[in-house]
>>> print(open('my_file06.cif').read())   # mmCIF, C-alpha atoms and all ligand atoms; chains and numbers go by the auth columns
data_input
loop_
_atom_site.group_PDB
_atom_site.id
_atom_site.type_symbol
_atom_site.label_atom_id
_atom_site.label_comp_id
_atom_site.label_asym_id
_atom_site.label_seq_id
_atom_site.Cartn_x
_atom_site.Cartn_y
_atom_site.Cartn_z
_atom_site.B_iso_or_equiv
_atom_site.auth_seq_id
_atom_site.auth_asym_id
ATOM 1 C CA MET A 1 39.172 -15.864 13.427 0.00 1 A
ATOM 2 C CA ASN A 2 36.196 -15.712 11.078 0.00 2 A
ATOM 3 C CA PRO A 3 33.647 -13.009 11.833 0.00 3 A
ATOM 4 C CA THR A 4 30.385 -14.290 13.308 0.00 4 A
ATOM 5 C CA LEU A 5 26.783 -13.155 12.932 0.00 5 A
ATOM 6 C CA SER A 6 27.017 -11.284 16.222 0.00 6 A
ATOM 7 C CA ASP A 7 29.893 -9.153 14.890 0.00 7 A
ATOM 8 C CA PHE A 8 27.375 -7.714 12.438 0.00 8 A
ATOM 9 C CA TYR A 9 24.479 -7.195 14.849 0.00 9 A
ATOM 10 C CA PRO A 10 22.996 -3.704 14.584 0.00 10 A
ATOM 11 C CA SER A 11 24.488 -3.000 18.028 0.00 11 A
ATOM 12 C CA ASN A 12 27.983 -3.500 16.536 0.00 12 A
ATOM 13 C CA VAL A 13 27.293 -1.774 13.200 0.00 13 A
ATOM 14 C CA PHE A 14 25.140 1.254 13.975 0.00 14 A
ATOM 15 C CA LYS A 15 27.224 4.031 15.543 0.00 15 A
ATOM 16 C CA PHE A 16 25.524 7.305 14.602 0.00 16 A
ATOM 17 C CA CYS A 17 22.150 8.464 15.857 0.00 17 A
ATOM 18 C CA PRO A 18 19.714 8.648 12.878 0.00 18 A
ATOM 19 C CA PHE A 19 17.869 11.523 14.596 0.00 19 A
ATOM 20 C CA CYS A 20 20.658 13.941 15.496 0.00 20 A
ATOM 21 C CA GLY A 21 23.750 12.387 13.874 0.00 21 A
ATOM 22 C CA ALA A 22 25.792 12.179 17.096 0.00 22 A
ATOM 23 C CA ASN A 23 28.271 9.318 17.467 0.00 23 A
ATOM 24 C CA GLU A 24 26.672 8.404 20.773 0.00 24 A
ATOM 25 C CA LEU A 25 24.409 5.411 20.253 0.00 25 A
ATOM 26 C CA VAL A 26 24.520 3.018 23.214 0.00 26 A
ATOM 27 C CA TRP A 27 23.000 -0.468 22.998 0.00 27 A
ATOM 28 C CA ASP A 28 20.798 -1.440 25.966 0.00 28 A
ATOM 29 C CA GLY A 29 21.706 -5.131 25.604 0.00 29 A
ATOM 30 C CA VAL A 30 18.147 -6.156 24.735 0.00 30 A
ATOM 31 C CA LYS A 31 16.314 -4.349 21.953 0.00 31 A
ATOM 32 C CA SER A 32 17.176 -0.699 21.551 0.00 32 A
ATOM 33 C CA HIS A 33 19.926 1.859 21.240 0.00 33 A
ATOM 34 C CA ARG A 34 19.753 5.103 23.154 0.00 34 A
ATOM 35 C CA CYS A 35 21.410 8.261 21.946 0.00 35 A
ATOM 36 C CA GLY A 36 23.594 9.884 24.583 0.00 36 A
ATOM 37 C CA ALA A 37 23.150 13.284 22.907 0.00 37 A
ATOM 38 C CA CYS A 38 19.408 13.602 22.104 0.00 38 A
ATOM 39 C CA HIS A 39 18.240 10.668 24.318 0.00 39 A
ATOM 40 C CA ARG A 40 15.954 9.219 21.644 0.00 40 A
ATOM 41 C CA ARG A 41 15.760 5.444 21.100 0.00 41 A
ATOM 42 C CA LEU A 42 16.407 3.349 18.006 0.00 42 A
ATOM 43 C CA TYR A 43 14.715 -0.053 18.290 0.00 43 A
ATOM 44 C CA VAL A 44 15.845 -3.281 16.661 0.00 44 A
ATOM 45 C CA ASN A 45 12.975 -5.681 15.829 0.00 45 A
ATOM 46 C CA GLU A 46 12.408 -8.896 13.921 0.00 46 A
ATOM 47 C CA ALA A 47 11.119 -8.274 10.405 0.00 47 A
ATOM 48 C CA ALA A 48 7.993 -10.265 9.494 0.00 48 A
ATOM 49 C CA ALA A 49 8.455 -12.740 6.664 0.00 49 A
ATOM 50 C CA THR A 50 6.177 -15.441 5.260 0.00 50 A
ATOM 51 C CA VAL A 51 6.797 -19.056 4.271 0.00 51 A
ATOM 52 C CA ALA A 52 4.506 -21.362 2.270 0.00 52 A
ATOM 53 C CA LEU A 53 4.025 -25.100 2.730 0.00 53 A
ATOM 54 C CA ILE A 54 2.467 -26.324 -0.527 0.00 54 A
ATOM 55 C CA VAL A 55 2.041 -30.004 -1.356 0.00 55 A
ATOM 56 C CA ASN A 56 1.009 -31.805 -4.529 0.00 56 A
ATOM 57 C CA ALA A 57 -1.427 -34.735 -4.761 0.00 57 A
ATOM 58 C CA GLN A 58 1.381 -37.115 -3.726 0.00 58 A
ATOM 59 C CA GLY A 59 2.062 -35.129 -0.539 0.00 59 A
ATOM 60 C CA GLU A 60 5.407 -33.872 -1.832 0.00 60 A
ATOM 61 C CA LEU A 61 6.514 -30.449 -0.654 0.00 61 A
ATOM 62 C CA LEU A 62 7.180 -27.626 -3.091 0.00 62 A
ATOM 63 C CA LEU A 63 10.724 -26.243 -2.741 0.00 63 A
ATOM 64 C CA VAL A 64 12.495 -23.479 -4.614 0.00 64 A
ATOM 65 C CA ARG A 65 16.158 -22.912 -5.373 0.00 65 A
ATOM 66 C CA ARG A 66 17.273 -19.451 -4.220 0.00 66 A
ATOM 67 C CA LYS A 67 18.440 -17.153 -6.991 0.00 67 A
ATOM 68 C CA TYR A 68 19.898 -14.482 -4.690 0.00 68 A
ATOM 69 C CA ASP A 69 21.845 -14.126 -1.466 0.00 69 A
ATOM 70 C CA PRO A 70 21.601 -14.838 1.390 0.00 70 A
ATOM 71 C CA ALA A 71 22.172 -18.568 0.777 0.00 71 A
ATOM 72 C CA ARG A 72 22.043 -18.275 -3.013 0.00 72 A
ATOM 73 C CA GLY A 73 21.756 -21.641 -4.780 0.00 73 A
ATOM 74 C CA THR A 74 20.412 -23.542 -1.743 0.00 74 A
ATOM 75 C CA LEU A 75 16.923 -24.985 -1.402 0.00 75 A
ATOM 76 C CA ASP A 76 14.232 -22.976 0.322 0.00 76 A
ATOM 77 C CA LEU A 77 10.499 -22.817 0.787 0.00 77 A
ATOM 78 C CA PRO A 78 8.537 -20.185 -1.174 0.00 78 A
ATOM 79 C CA GLY A 79 7.822 -16.891 0.572 0.00 79 A
ATOM 80 C CA GLY A 80 9.248 -13.509 1.382 0.00 80 A
ATOM 81 C CA PHE A 81 9.059 -10.367 3.459 0.00 81 A
ATOM 82 C CA VAL A 82 5.828 -8.692 4.477 0.00 82 A
ATOM 83 C CA ASP A 83 5.746 -5.211 2.948 0.00 83 A
ATOM 84 C CA LEU A 84 5.071 -2.137 5.073 0.00 84 A
ATOM 85 C CA GLY A 85 1.350 -1.996 5.911 0.00 85 A
ATOM 86 C CA GLU A 86 0.668 -5.437 4.417 0.00 86 A
ATOM 87 C CA THR A 87 -0.942 -8.426 6.173 0.00 87 A
ATOM 88 C CA ALA A 88 0.972 -11.710 6.379 0.00 88 A
ATOM 89 C CA GLU A 89 -1.928 -13.407 4.555 0.00 89 A
ATOM 90 C CA HIS A 90 -1.686 -10.977 1.648 0.00 90 A
ATOM 91 C CA ALA A 91 2.107 -11.257 1.584 0.00 91 A
ATOM 92 C CA ILE A 92 2.198 -15.045 1.275 0.00 92 A
ATOM 93 C CA ILE A 93 -0.432 -15.073 -1.498 0.00 93 A
ATOM 94 C CA ARG A 94 1.487 -12.334 -3.346 0.00 94 A
ATOM 95 C CA GLU A 95 4.891 -13.988 -2.919 0.00 95 A
ATOM 96 C CA VAL A 96 3.656 -17.394 -4.114 0.00 96 A
ATOM 97 C CA LYS A 97 2.104 -15.745 -7.178 0.00 97 A
ATOM 98 C CA GLU A 98 5.300 -13.760 -7.913 0.00 98 A
ATOM 99 C CA GLU A 99 7.698 -16.677 -7.415 0.00 99 A
ATOM 100 C CA LEU A 100 5.643 -19.565 -8.753 0.00 100 A
ATOM 101 C CA ASN A 101 2.750 -18.182 -10.824 0.00 101 A
ATOM 102 C CA ILE A 102 0.150 -20.132 -8.812 0.00 102 A
ATOM 103 C CA GLU A 103 -2.860 -18.974 -6.764 0.00 103 A
ATOM 104 C CA VAL A 104 -3.208 -19.805 -3.089 0.00 104 A
ATOM 105 C CA THR A 105 -6.902 -20.274 -2.283 0.00 105 A
ATOM 106 C CA GLU A 106 -6.766 -21.240 1.409 0.00 106 A
ATOM 107 C CA LEU A 107 -4.359 -20.578 4.248 0.00 107 A
ATOM 108 C CA GLN A 108 -3.825 -22.296 7.565 0.00 108 A
ATOM 109 C CA PHE A 109 -1.315 -20.887 10.028 0.00 109 A
ATOM 110 C CA PHE A 110 1.366 -23.461 10.892 0.00 110 A
ATOM 111 C CA GLY A 111 3.700 -21.615 13.252 0.00 111 A
ATOM 112 C CA SER A 112 6.381 -18.943 13.581 0.00 112 A
ATOM 113 C CA PHE A 113 10.123 -19.471 13.359 0.00 113 A
ATOM 114 C CA PRO A 114 12.762 -16.839 14.210 0.00 114 A
ATOM 115 C CA ASN A 115 15.728 -16.466 11.902 0.00 115 A
ATOM 116 C CA ARG A 116 18.872 -14.330 11.549 0.00 116 A
ATOM 117 C CA TYR A 117 21.266 -13.991 8.683 0.00 117 A
ATOM 118 C CA LEU A 118 24.078 -11.816 7.404 0.00 118 A
ATOM 119 C CA PHE A 119 23.371 -9.688 4.360 0.00 119 A
ATOM 120 C CA GLY A 120 25.355 -6.723 3.076 0.00 120 A
ATOM 121 C CA GLY A 121 27.388 -6.326 6.267 0.00 121 A
ATOM 122 C CA LEU A 122 24.451 -6.382 8.682 0.00 122 A
ATOM 123 C CA THR A 123 22.778 -9.210 10.588 0.00 123 A
ATOM 124 C CA TYR A 124 19.016 -9.189 9.995 0.00 124 A
ATOM 125 C CA PHE A 125 16.488 -10.687 12.363 0.00 125 A
ATOM 126 C CA THR A 126 13.277 -12.080 10.907 0.00 126 A
ATOM 127 C CA LEU A 127 10.232 -13.914 12.186 0.00 127 A
ATOM 128 C CA ASP A 128 9.100 -16.399 9.546 0.00 128 A
ATOM 129 C CA LEU A 129 5.306 -16.851 9.641 0.00 129 A
ATOM 130 C CA VAL A 130 4.562 -20.227 8.106 0.00 130 A
ATOM 131 C CA PHE A 131 1.280 -21.108 6.390 0.00 131 A
ATOM 132 C CA ILE A 132 -0.014 -24.359 4.934 0.00 132 A
ATOM 133 C CA CYS A 133 -1.283 -23.144 1.557 0.00 133 A
ATOM 134 C CA THR A 134 -3.918 -24.807 -0.580 0.00 134 A
ATOM 135 C CA VAL A 135 -3.413 -24.467 -4.327 0.00 135 A
ATOM 136 C CA HIS A 136 -6.172 -26.047 -6.440 0.00 136 A
ATOM 137 C CA ASP A 137 -4.387 -25.715 -9.747 0.00 137 A
ATOM 138 C CA LEU A 138 -0.654 -26.415 -9.878 0.00 138 A
ATOM 139 C CA SER A 139 -0.518 -26.510 -13.689 0.00 139 A
ATOM 140 C CA PRO A 140 0.628 -22.856 -14.151 0.00 140 A
ATOM 141 C CA LEU A 141 3.596 -23.548 -11.824 0.00 141 A
ATOM 142 C CA CYS A 142 6.867 -22.007 -13.023 0.00 142 A
ATOM 143 C CA ALA A 143 9.782 -20.470 -11.123 0.00 143 A
ATOM 144 C CA ALA A 144 10.211 -16.707 -11.455 0.00 144 A
ATOM 145 C CA ASP A 145 11.309 -13.647 -9.466 0.00 145 A
ATOM 146 C CA ASP A 146 13.786 -14.725 -6.757 0.00 146 A
ATOM 147 C CA ALA A 147 13.195 -18.463 -7.335 0.00 147 A
ATOM 148 C CA GLU A 148 15.627 -19.973 -9.822 0.00 148 A
ATOM 149 C CA ALA A 149 13.849 -23.319 -10.038 0.00 149 A
ATOM 150 C CA CYS A 150 11.174 -25.272 -8.194 0.00 150 A
ATOM 151 C CA LEU A 151 10.786 -28.931 -7.394 0.00 151 A
ATOM 152 C CA PHE A 152 8.605 -31.306 -5.373 0.00 152 A
ATOM 153 C CA ILE A 153 10.272 -33.569 -2.802 0.00 153 A
ATOM 154 C CA ALA A 154 8.665 -35.904 -0.258 0.00 154 A
ATOM 155 C CA PRO A 155 9.216 -34.237 3.181 0.00 155 A
ATOM 156 C CA GLN A 156 11.027 -37.269 4.624 0.00 156 A
ATOM 157 C CA LYS A 157 13.393 -37.336 1.614 0.00 157 A
ATOM 158 C CA ILE A 158 14.531 -33.718 1.862 0.00 158 A
ATOM 159 C CA ASN A 159 18.255 -33.475 2.621 0.00 159 A
ATOM 160 C CA ILE A 160 18.264 -30.854 5.356 0.00 160 A
ATOM 161 C CA GLU A 161 21.888 -29.932 4.482 0.00 161 A
ATOM 162 C CA GLU A 162 20.646 -28.553 1.182 0.00 162 A
ATOM 163 C CA ILE A 163 18.389 -26.056 2.950 0.00 163 A
ATOM 164 C CA GLY A 164 20.336 -22.806 3.292 0.00 164 A
ATOM 165 C CA LEU A 165 18.389 -20.921 5.951 0.00 165 A
ATOM 166 C CA GLU A 166 18.321 -22.139 9.540 0.00 166 A
ATOM 167 C CA SER A 167 14.676 -21.276 10.213 0.00 167 A
ATOM 168 C CA ILE A 168 13.572 -23.127 7.059 0.00 168 A
ATOM 169 C CA ARG A 169 15.412 -26.234 8.240 0.00 169 A
ATOM 170 C CA GLU A 170 13.415 -26.020 11.449 0.00 170 A
ATOM 171 C CA VAL A 171 10.154 -25.518 9.520 0.00 171 A
ATOM 172 C CA ILE A 172 10.781 -28.633 7.408 0.00 172 A
ATOM 173 C CA LYS A 173 11.796 -30.755 10.402 0.00 173 A
ATOM 174 C CA SER A 174 8.703 -29.618 12.280 0.00 174 A
ATOM 175 C CA TYR A 175 6.417 -30.243 9.296 0.00 175 A
ATOM 176 C CA ALA A 176 7.894 -33.728 8.642 0.00 176 A
ATOM 177 C CA GLN A 177 7.341 -34.623 12.319 0.00 177 A
ATOM 178 C CA LYS A 178 3.752 -33.350 12.309 0.00 178 A
ATOM 179 C CA ILE A 179 2.675 -35.200 9.164 0.00 179 A
ATOM 180 C CA ARG A 180 3.943 -38.447 10.680 0.00 180 A
ATOM 181 C CA ARG A 181 1.434 -37.870 13.485 0.00 181 A
ATOM 182 C CA TRP A 182 -1.477 -36.635 11.303 0.00 182 A
HETATM 183 ZN ZN ZN B . 20.629 11.541 18.850 0.00 201 B
#
>>> encode(input="my_file06.cif", output="structure tokens")
Amino acid sequence: MNPTLSDFYPSNVFKFCPFCGANELVWDGVKSHRCGACHRRLYVNEAAATVALIVNAQGELLLVRRKYDPARGTLDLPGGFVDLGETAEHAIIREVKEELNIEVTELQFFGSFPNRYLFGGLTYFTLDLVFICTVHDLSPLCAADDAEACLFIAPQKINIEEIGLESIREVIKSYAQKIRRW
């Protein structure tokens, strides 16, 4: 039987207490481990990540092709993790600049989408914070950093099977539904 995401949850991977080193971590079934030796807790939380919805004058959505795992080679929306101590607003502006060489001038919060994926033998939990991003000048656009290429596709023409990450599929479905109503 193929291993599943849950086989690589922190509760199945982490065995040793990071505080005292004892092999006595016990998962509480919800959100933390407790060490049977020193009684301290190790919490498991969703990591904050950002996602950008950027459209051109024709209303087509800007997608990137992922250069790295997880889901290398699949289509994705621009974005990335929020660094320690960083705001989500700063993170999305920084990530769009790093990946696409364009400047976001306005942000509007769209919604949040939980995600989980396997990477390097551990299942990671993220909360993708999605922003509609205004970019006045798309002419400097070029794929860099962890984007291998970028392309514009009309939201209703995006083949959802080509989107590698589950949460991003949900973002695109949700966005395509909303613009039909706007
Ligand atoms: Zn301990």
>>> atom_distance(input="my_file06.cif", atom1="atom CA of A:Gly21", atom2="atom CA of A:Ala48")
27.9 Å
>>> closest_residue(input="my_file06.cif", among="A:Ala57, A:Val96, A:Ala149, A:Leu42", to="A:Lys15", atoms="only C-alpha atoms")
A:Leu42
>>> resolve_selection(input="my_file06.cif", expression="the PyMOL selection byres (((chain A and resi 120-131) around 7) and not hetatm)", output="mmCIF file with C-alpha atoms, in the coordinates of the input")
data_model
loop_
_atom_site.group_PDB
_atom_site.id
_atom_site.type_symbol
_atom_site.label_atom_id
_atom_site.label_comp_id
_atom_site.auth_asym_id
_atom_site.auth_seq_id
_atom_site.Cartn_x
_atom_site.Cartn_y
_atom_site.Cartn_z
ATOM 1 C CA LEU A 5 26.783 -13.155 12.932
ATOM 2 C CA PHE A 8 27.375 -7.714 12.438
ATOM 3 C CA TYR A 9 24.479 -7.195 14.849
ATOM 4 C CA PRO A 10 22.996 -3.704 14.584
ATOM 5 C CA GLU A 46 12.408 -8.896 13.921
ATOM 6 C CA ALA A 47 11.119 -8.274 10.405
ATOM 7 C CA ALA A 48 7.993 -10.265 9.494
ATOM 8 C CA ALA A 49 8.455 -12.740 6.664
ATOM 9 C CA THR A 50 6.177 -15.441 5.260
ATOM 10 C CA VAL A 51 6.797 -19.056 4.271
ATOM 11 C CA ALA A 52 4.506 -21.362 2.270
ATOM 12 C CA LEU A 53 4.025 -25.100 2.730
ATOM 13 C CA LEU A 107 -4.359 -20.578 4.248
ATOM 14 C CA GLN A 108 -3.825 -22.296 7.565
ATOM 15 C CA PHE A 109 -1.315 -20.887 10.028
ATOM 16 C CA PHE A 110 1.366 -23.461 10.892
ATOM 17 C CA GLY A 111 3.700 -21.615 13.252
ATOM 18 C CA SER A 112 6.381 -18.943 13.581
ATOM 19 C CA PHE A 113 10.123 -19.471 13.359
ATOM 20 C CA PRO A 114 12.762 -16.839 14.210
ATOM 21 C CA ASN A 115 15.728 -16.466 11.902
ATOM 22 C CA ARG A 116 18.872 -14.330 11.549
ATOM 23 C CA TYR A 117 21.266 -13.991 8.683
ATOM 24 C CA LEU A 118 24.078 -11.816 7.404
ATOM 25 C CA PHE A 119 23.371 -9.688 4.360
ATOM 26 C CA ILE A 132 -0.014 -24.359 4.934
ATOM 27 C CA CYS A 133 -1.283 -23.144 1.557
#
>>> axis_aligned_box(input="my_file06.cif", around="stretch 96-109 of chain A", padding_each_side="4 Å", output="lines of an AutoDock Vina configuration file")
center_x = 0.4
center_y = -18.0
center_z = -0.4
size_x = 22.6
size_y = 16.5
size_z = 28.9
>>> closest_atom_pairs(input="my_file06.cif", of="chain A", to="ligand ZN 201 (chain B)", cutoff="9 Å", atoms="all atoms listed in the file", output="CSV")
residue,atom,partner,partner_atom,distance
A:Phe16,CA,B:ZN201,ZN,7.7
A:Cys17,CA,B:ZN201,ZN,4.6
A:Pro18,CA,B:ZN201,ZN,6.7
A:Phe19,CA,B:ZN201,ZN,5.1
A:Cys20,CA,B:ZN201,ZN,4.1
A:Gly21,CA,B:ZN201,ZN,5.9
A:Ala22,CA,B:ZN201,ZN,5.5
A:Asn23,CA,B:ZN201,ZN,8.1
A:Glu24,CA,B:ZN201,ZN,7.1
A:Leu25,CA,B:ZN201,ZN,7.3
A:Arg34,CA,B:ZN201,ZN,7.8
A:Cys35,CA,B:ZN201,ZN,4.6
A:Gly36,CA,B:ZN201,ZN,6.7
A:Ala37,CA,B:ZN201,ZN,5.1
A:Cys38,CA,B:ZN201,ZN,4.0
A:His39,CA,B:ZN201,ZN,6.0
A:Arg40,CA,B:ZN201,ZN,5.9
A:Arg41,CA,B:ZN201,ZN,8.1
>>> resolve_selection(input="my_file06.cif", expression="the PyMOL selection byres (((chain A and resi 80) around 8) and not hetatm)", output="list of chain:residue names")
A:Ala49, A:Thr50, A:Val51, A:Pro78, A:Gly79, A:Phe81, A:Val82, A:Ala91, A:Ile92, A:Glu95
>>> closest_residue(input="my_file06.cif", among="A:Leu75, A:Val55, A:Ala176, A:Leu63", to="A:Glu161", atoms="only C-alpha atoms")
A:Leu75
>>> residues_around(input="my_file06.cif", residues="A:Glu99", least_positions_apart="5", cutoff="10 Å", atoms="only C-alpha atoms", output="list of chain:residue names")
A:Val64, A:Pro78, A:Gly79, A:Gly80, A:Arg94, A:Leu141, A:Cys142, A:Ala143, A:Ala144, A:Asp145, A:Asp146, A:Ala147, A:Glu148, A:Ala149, A:Cys150
>>> residues_around(input="my_file06.cif", residues="stretch 156-158 of chain A", least_positions_apart="5", cutoff="12 Å", atoms="all atoms listed in the file", output="PyMOL selection string")
chain A and resi 59-63+75-77+151+163+168-169+172-180
>>> closest_residue(input="my_file06.cif", among="A:Gln58, A:Val44, A:Thr74, A:Tyr68", to="A:Ile160", atoms="all atoms listed in the file")
A:Thr74
>>> atom_distance(input="my_file06.cif", atom1="atom CA of A:Asp7", atom2="atom CA of A:Leu84")
27.6 Å
>>> build_atoms(input="my_file06.cif", residues="stretch 68-91 of chain A", atoms="N, CA and C atoms", output="mmCIF file, keeping the file's coordinate frame")
data_model
loop_
_atom_site.group_PDB
_atom_site.id
_atom_site.type_symbol
_atom_site.label_atom_id
_atom_site.label_comp_id
_atom_site.auth_asym_id
_atom_site.auth_seq_id
_atom_site.Cartn_x
_atom_site.Cartn_y
_atom_site.Cartn_z
ATOM 1 N N TYR A 68 19.103 -15.586 -5.248
ATOM 2 C CA TYR A 68 19.898 -14.482 -4.690
ATOM 3 C C TYR A 68 20.385 -14.797 -3.284
ATOM 4 N N ASP A 69 21.402 -14.063 -2.854
ATOM 5 C CA ASP A 69 21.845 -14.126 -1.466
ATOM 6 C C ASP A 69 20.807 -13.493 -0.547
ATOM 7 N N PRO A 70 20.747 -13.851 0.732
ATOM 8 C CA PRO A 70 21.601 -14.838 1.390
ATOM 9 C C PRO A 70 21.295 -16.270 0.951
ATOM 10 N N ALA A 71 22.318 -17.122 1.052
ATOM 11 C CA ALA A 71 22.172 -18.568 0.777
ATOM 12 C C ALA A 71 21.781 -18.849 -0.670
ATOM 13 N N ARG A 72 22.329 -18.080 -1.599
ATOM 14 C CA ARG A 72 22.043 -18.275 -3.013
ATOM 15 C C ARG A 72 22.391 -19.700 -3.454
ATOM 16 N N GLY A 73 21.505 -20.314 -4.243
ATOM 17 C CA GLY A 73 21.756 -21.641 -4.780
ATOM 18 C C GLY A 73 21.266 -22.777 -3.897
ATOM 19 N N THR A 74 20.909 -22.488 -2.642
ATOM 20 C CA THR A 74 20.412 -23.542 -1.743
ATOM 21 C C THR A 74 18.905 -23.695 -1.921
ATOM 22 N N LEU A 75 18.373 -24.774 -1.347
ATOM 23 C CA LEU A 75 16.923 -24.985 -1.402
ATOM 24 C C LEU A 75 16.234 -24.192 -0.292
ATOM 25 N N ASP A 76 14.993 -23.842 -0.581
ATOM 26 C CA ASP A 76 14.232 -22.976 0.322
ATOM 27 C C ASP A 76 12.756 -23.307 0.132
ATOM 28 N N LEU A 77 11.937 -22.774 1.008
ATOM 29 C CA LEU A 77 10.499 -22.817 0.787
ATOM 30 C C LEU A 77 10.087 -21.483 0.177
ATOM 31 N N PRO A 78 8.985 -21.463 -0.596
ATOM 32 C CA PRO A 78 8.537 -20.185 -1.174
ATOM 33 C C PRO A 78 8.147 -19.203 -0.077
ATOM 34 N N GLY A 79 8.245 -17.906 -0.397
ATOM 35 C CA GLY A 79 7.822 -16.891 0.572
ATOM 36 C C GLY A 79 8.654 -15.640 0.459
ATOM 37 N N GLY A 80 8.477 -14.744 1.407
ATOM 38 C CA GLY A 80 9.248 -13.509 1.382
ATOM 39 C C GLY A 80 8.754 -12.538 2.433
ATOM 40 N N PHE A 81 9.361 -11.365 2.437
ATOM 41 C CA PHE A 81 9.059 -10.367 3.459
ATOM 42 C C PHE A 81 7.651 -9.775 3.308
ATOM 43 N N VAL A 82 7.078 -9.444 4.451
ATOM 44 C CA VAL A 82 5.828 -8.692 4.477
ATOM 45 C C VAL A 82 6.180 -7.231 4.211
ATOM 46 N N ASP A 83 5.504 -6.623 3.240
ATOM 47 C CA ASP A 83 5.746 -5.211 2.948
ATOM 48 C C ASP A 83 5.165 -4.326 4.053
ATOM 49 N N LEU A 84 5.597 -3.082 4.083
ATOM 50 C CA LEU A 84 5.071 -2.137 5.073
ATOM 51 C C LEU A 84 3.555 -2.005 4.884
ATOM 52 N N GLY A 85 2.805 -2.159 5.963
ATOM 53 C CA GLY A 85 1.350 -1.996 5.911
ATOM 54 C C GLY A 85 0.594 -3.187 5.366
ATOM 55 N N GLU A 86 1.308 -4.267 5.026
ATOM 56 C CA GLU A 86 0.668 -5.437 4.417
ATOM 57 C C GLU A 86 0.364 -6.498 5.476
ATOM 58 N N THR A 87 -0.694 -7.301 5.272
ATOM 59 C CA THR A 87 -0.942 -8.426 6.173
ATOM 60 C C THR A 87 -0.055 -9.600 5.748
ATOM 61 N N ALA A 88 0.191 -10.508 6.699
ATOM 62 C CA ALA A 88 0.972 -11.710 6.379
ATOM 63 C C ALA A 88 0.216 -12.561 5.354
ATOM 64 N N GLU A 89 -1.122 -12.594 5.475
ATOM 65 C CA GLU A 89 -1.928 -13.407 4.555
ATOM 66 C C GLU A 89 -1.791 -12.892 3.122
ATOM 67 N N HIS A 90 -1.840 -11.559 2.984
ATOM 68 C CA HIS A 90 -1.686 -10.977 1.648
ATOM 69 C C HIS A 90 -0.275 -11.231 1.122
ATOM 70 N N ALA A 91 0.709 -11.098 2.003
ATOM 71 C CA ALA A 91 2.107 -11.257 1.584
ATOM 72 C C ALA A 91 2.382 -12.659 1.059
#
